[in-house]
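*Asks:* The structure under discussion is supplied below as structure tokens; questions concerning it will follow.
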Amino acid sequence: MSILPVGRRAEMVGQMFKLANDMISQPSAAGQSPMPNDLPDASIAPANDEAALPSSEMGNAADDSASFHDFVYKQLQSSLGIDPQIISRKSSSLIKFEEDIDSGKMSGHFLVPVELPSGERVSHEKAKEIAAAVFSQFGLKGKIGRDEKRNFYVISFVTKEAEVPKSSNEGSFSNLPDNEVEKKITTASVQNDMISMRKNMLVDALRRSGYIK
């Protein structure tokens, strides 16, 4: 004969059996491993956004200085056929680059060889072509000189000032000076009048004193 719990104890025992039964995982289909009910949803975590972005969107890969150096090196390689290994060994002496922190304006110089390792000579016009390509790429202007001691062309450069186009559709107003120009002209005119007036006053005073007749 078995003894069954009765009353509140029977209810508690029943709940314990139900809880134990729920904790036992049941396979959802044949051949699948049982999964506990209390595990979090096994969704795939999103990939790292930064790793998925192309390098251009993760920030500039190189600053203006690096871009300028790379472009000059490529010009020397492609235009003159200089071995990249030679450029790499001499790179610290080939370019002097400065950039203003506030304005971002660039200045400095770079060198173009007069004589190549092959013995071929680089013409003045060829050096100017290389300079023109660099200037056009970075919005620069500059001059070409020559370092006779080291036998290099020296290409000096600065950032070109941005030109503000003036409207040509001013009609009759094109005959009137702008405010700043007019202000300078007026100031100069007033100063000249004051000088003439003081000169006349001095002459009159000298005449009255008898120093001049």
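Going through the structure tokens in order, the chains are called A, B, and so on, while each chain numbers its residues from 1 and the ligands are numbered from 1 in the order shown.
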Name the residues in contact with stretch 122-137 of chain A at a cut-off of 12 Å, using only C-alpha atoms, excluding same-chain residues fewer than 2 positions from it; report them as a PyMOL selection string.
*Replies:* chain A and resi 64+67-82+106-107+109-120+139-146+151-160
*Asks:* Since we have the selection now, will you write its residues out, keeping C-alpha atoms, as a short mmCIF file (atom, residue, chain, number, x, y, z; two decimals), in the first residue's frame?
*Replies:*
```cif
data_model
loop_
_atom_site.label_atom_id
_atom_site.label_comp_id
_atom_site.auth_asym_id
_atom_site.auth_seq_id
_atom_site.Cartn_x
_atom_site.Cartn_y
_atom_site.Cartn_z
CA ASP A 64 48.32 65.72 -47.08
CA SER A 67 49.81 62.04 -50.22
CA PHE A 68 52.16 64.73 -51.52
CA HIS A 69 55.24 62.59 -50.94
CA ASP A 70 53.66 59.56 -52.62
CA PHE A 71 52.62 61.61 -55.65
CA VAL A 72 56.09 63.12 -56.13
CA TYR A 73 57.73 59.70 -55.80
CA LYS A 74 55.37 58.25 -58.39
CA GLN A 75 56.13 61.13 -60.76
CA LEU A 76 59.85 60.46 -60.47
CA GLN A 77 59.28 56.77 -61.11
CA SER A 78 56.83 57.05 -64.00
CA SER A 79 58.31 60.10 -65.75
CA LEU A 80 62.01 59.36 -65.30
CA GLY A 81 62.06 55.60 -64.69
CA ILE A 82 63.93 55.88 -61.40
CA MET A 106 51.57 73.89 -47.95
CA SER A 107 55.09 75.05 -48.73
CA HIS A 109 60.48 72.11 -52.18
CA PHE A 110 61.34 68.82 -53.87
CA LEU A 111 64.24 67.69 -56.02
CA VAL A 112 64.38 66.38 -59.57
CA PRO A 113 67.72 64.86 -60.64
CA VAL A 114 69.67 66.41 -63.49
CA GLU A 115 71.42 63.12 -64.20
CA LEU A 116 69.77 59.70 -63.94
CA PRO A 117 71.51 56.50 -62.75
CA SER A 118 71.58 55.41 -66.39
CA GLY A 119 73.65 58.47 -67.29
CA GLU A 120 70.81 60.13 -69.18
CA GLY A 139 46.72 73.51 -56.19
CA LEU A 140 50.25 74.89 -55.88
CA LYS A 141 52.44 77.47 -57.56
CA GLY A 142 56.19 77.82 -57.44
CA LYS A 143 59.54 78.22 -59.11
CA ILE A 144 62.27 76.02 -60.52
CA GLY A 145 65.94 76.50 -59.69
CA ARG A 146 69.05 74.39 -59.71
CA ASN A 151 73.21 68.45 -59.47
CA PHE A 152 69.45 68.63 -58.88
CA TYR A 153 66.62 70.84 -60.04
CA VAL A 154 64.96 72.45 -57.03
CA ILE A 155 61.19 72.87 -57.33
CA SER A 156 59.93 75.26 -54.66
CA PHE A 157 56.18 75.48 -54.02
CA VAL A 158 53.46 77.20 -51.99
CA THR A 159 49.70 76.82 -51.95
CA LYS A 160 48.04 78.97 -54.58
#
```
*Asks:* Among stretch 97-212 of chain A, which ones does DSSP assign to strand (DSSP E or B) (computed from the backbone)? Answer as JSON, numbers by chain.
*Replies:* {"A": [97, 98, 99, 106, 107, 108, 109, 110, 111, 112, 113, 115, 121, 140, 141, 142, 143, 144, 145, 146, 147, 152, 153, 154, 155, 156, 157, 158, 159]}
*Asks:* Using DSSP assignments from the backbone, pull out every residue in stretch 116-178 of chain A that falls under alpha helix (DSSP H) and give it to me as a list in words.
*Replies:*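 So, restricting stretch 116-178 of chain A to alpha helix (DSSP H), we get His124, Glu125, Lys126, Ala127, Lys128, Glu129, Ile130, Ala131, Ala132, Ala133, Val134, Phe135, Ser136, Gln137 and Phe138 of chain A.
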*Asks:* Go ahead and write the residues just picked, C-alpha atoms, as an mmCIF file, in the first residue's frame.
*Replies:*
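This is the output file result.cif:
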```cif
data_model
loop_
_atom_site.group_PDB
_atom_site.id
_atom_site.type_symbol
_atom_site.label_atom_id
_atom_site.label_comp_id
_atom_site.auth_asym_id
_atom_site.auth_seq_id
_atom_site.Cartn_x
_atom_site.Cartn_y
_atom_site.Cartn_z
ATOM 1 C CA HIS A 124 64.921 71.725 -67.775
ATOM 2 C CA GLU A 125 61.615 71.365 -69.636
ATOM 3 C CA LYS A 126 61.124 67.814 -68.365
ATOM 4 C CA ALA A 127 61.634 68.985 -64.792
ATOM 5 C CA LYS A 128 59.062 71.722 -65.400
ATOM 6 C CA GLU A 129 56.583 69.115 -66.663
ATOM 7 C CA ILE A 130 56.962 67.131 -63.441
ATOM 8 C CA ALA A 131 56.540 70.310 -61.392
ATOM 9 C CA ALA A 132 53.415 71.250 -63.366
ATOM 10 C CA ALA A 133 51.842 67.839 -62.697
ATOM 11 C CA VAL A 134 52.476 68.166 -58.949
ATOM 12 C CA PHE A 135 51.254 71.777 -58.838
ATOM 13 C CA SER A 136 48.064 70.882 -60.701
ATOM 14 C CA GLN A 137 47.330 67.960 -58.376
ATOM 15 C CA PHE A 138 47.639 69.957 -55.145
#
```
